[in-house]
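Below is one structure, written out as structure tokens; comments come after it.
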Amino acid sequence: MSETVEKKKRIFSGIQPSGNITIGNYYGALKNWTQMQDEYESIYCVVDLHAITVRQEPAKLRNKTRELVALYIATGLDPVKNIIYPQSHVRQHAELAWILGCFTYMGELNRMTQFKDKSAKNESNINAGLYTYPVLMAADILLFQTDVVPIGADQKQHLELARDIAQRFNHTLSDTFTIPEPYFGKVGARIMSLQDPTSKMSKSDANPNATLSLLDEPNILTNKIKRAVTDSVGVINYTNEQPGVKNLLDLYCCGTGDSIEEALAFFEGKNYGQLKASVAEVTVNELKPIQDEFHRLMKDKKYLDDIIHTNSERASFLAEKTLRKVKKKVGFIV
Ligand code: TRP
């Protein structure tokens with residue numbers, strides 16, 4: 001039928017409301033998402049249930065969650081065209097996660113590298129939620145019959161598990177879930193730390209100079225970029241031997257949309273100081289309008305509350321369709 005032909009593919013993705021969203025999250029995720037919103041039917045979640053797998057300060061978590069909803073919108077995601085909401089507002093996530101947990105083997109969870117990393121970092125709080133985190137993520141995705149999941153490379157293993165769980169459920173109890181495909185963004189997916197350009201820029205980095213936060217004021221952005229670690233080669237090349245300079249070139253190109261070749265031609269014969277000044281200018285130009293919009297939205301409490309409320313209902317409506325089907329298949333009275 002024509003209806004199935006015309007149907008847009010569905011996207012689901014999420015970011016945790018912990019730490020400060022970095023320019024890496026922006027170029028690697030949010031900016032790509034804004035470019036996909038016409039082609040896909042998109043659902044963007046603020047995954048607060050995932051955030052509490054490590055200890056959070058309640059008041060801070062609440063603020064961060066609102067801020068992230070506002071940031072999604074400020075970066076250009078349309079809250080009418082897309083569905084933007086906090087995960088905890090849609091109880092079906094947790095409900096489906098329980099059921100899917102019964103279709104997941106401990107052996108599979110034991111192999112998750114992120115669990116191993118995170119438990120090494122949180123030795124005093126290796127809780128069951130941290131362990132079953134990938135099951136909840138599978139529930140997020142499968143709840144919406146998602147076709148495409150934009151993720152960073154670090155989430156690849158989790159997505160593969162979601163696919164395995166979906167396939168196992170479908171084989172055991174007949175076709176129920178769409179099998180999701182990963183989508184990896186382009187360049188911006190790997191913006192590196194400014195202080196250690198061989199490791200990825202992380203919003204949980206303890207050293208504030210290592211990251212560019214999306215909400216850093218222009219002078220802070222500029223200072224951090226000026227202090228970025230480079231090397232003693234003194235020539236602007238795009239090579240793994242000069243990871244700091246390479247990262248600055250990536251930042252430049254993410255902001256301008258130039259190719260690396262174009263950027264290299266532009267910087268030929270210039271020094272690191274000039275490179276940094278250009279990167280700072282491009283970055284401030286990119287982020288300033290987002291920051292202005294963010295601050296405007298944060299002042300409009302009623303608008304944000306309305307968005308959260310309406311979008312959670314839209315998400316819940318879609319989620320319930322899947323959950324009912326699942327409950328029936330497993331043999332619950334519905
Ligand atoms: N685990 C993801 C991360 O930390 C966040 C996440 C939770 C997510 N649920 C998701 C991403 C579903 C994509 C789809 O980056």
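Simple scheme: letters A, B, ... for chains in structure tokens order, numbers from 1 for residues in each chain, numbers from 1 for ligands in the order shown.
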Item to complete: Dump the neighbourhood of ligand 1 as a count of residues only: all residues within 6 Å, distances computed on only C-alpha atoms and all ligand atoms.
Response: 11
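Residues of stretch 28-97 of chain A carrying a DSSP assignment of strand (DSSP E), computed from the backbone, are Glu41, Ser42, Ile43, Tyr44, Cys45, Val46, Ile83, Ile84, Tyr85 and Pro86 of chain A.
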Fill in: Long-range neighbours of A:Lys299 as a list in words, 12 Å cut-off, only C-alpha atoms, 6 positions minimum in chain
Arg66, Glu67, Ala70, Asp292, Glu293 and Asp305 of chain A
Discussion item. Need the shell around A:Gln37: protein/DNA/RNA residues with any atom at most 9 Å away, counting only C-alpha atoms. Skip same-chain ones fewer than 3 positions apart. Format as an MDAnalysis selection string?
Written reply: chainID A and resid 33:34 40:42 77:78 81:82
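Minimum atom-to-atom distances from A:Asn63, A:Gln145, A:Ser204, A:Ser174 to A:Lys118 were compared using only C-alpha atoms, and the lowest value belongs to A:Ser204.
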Discussion item. What parts of stretch 122-300 of chain A does DSSP call helix (DSSP H, G or I)? I'd like the answer as a PyMOL selection string.
Written reply: chain A and resi 123-125+128-143+153-173+187-190+208-210+218-226+243-256+260-267+272-299
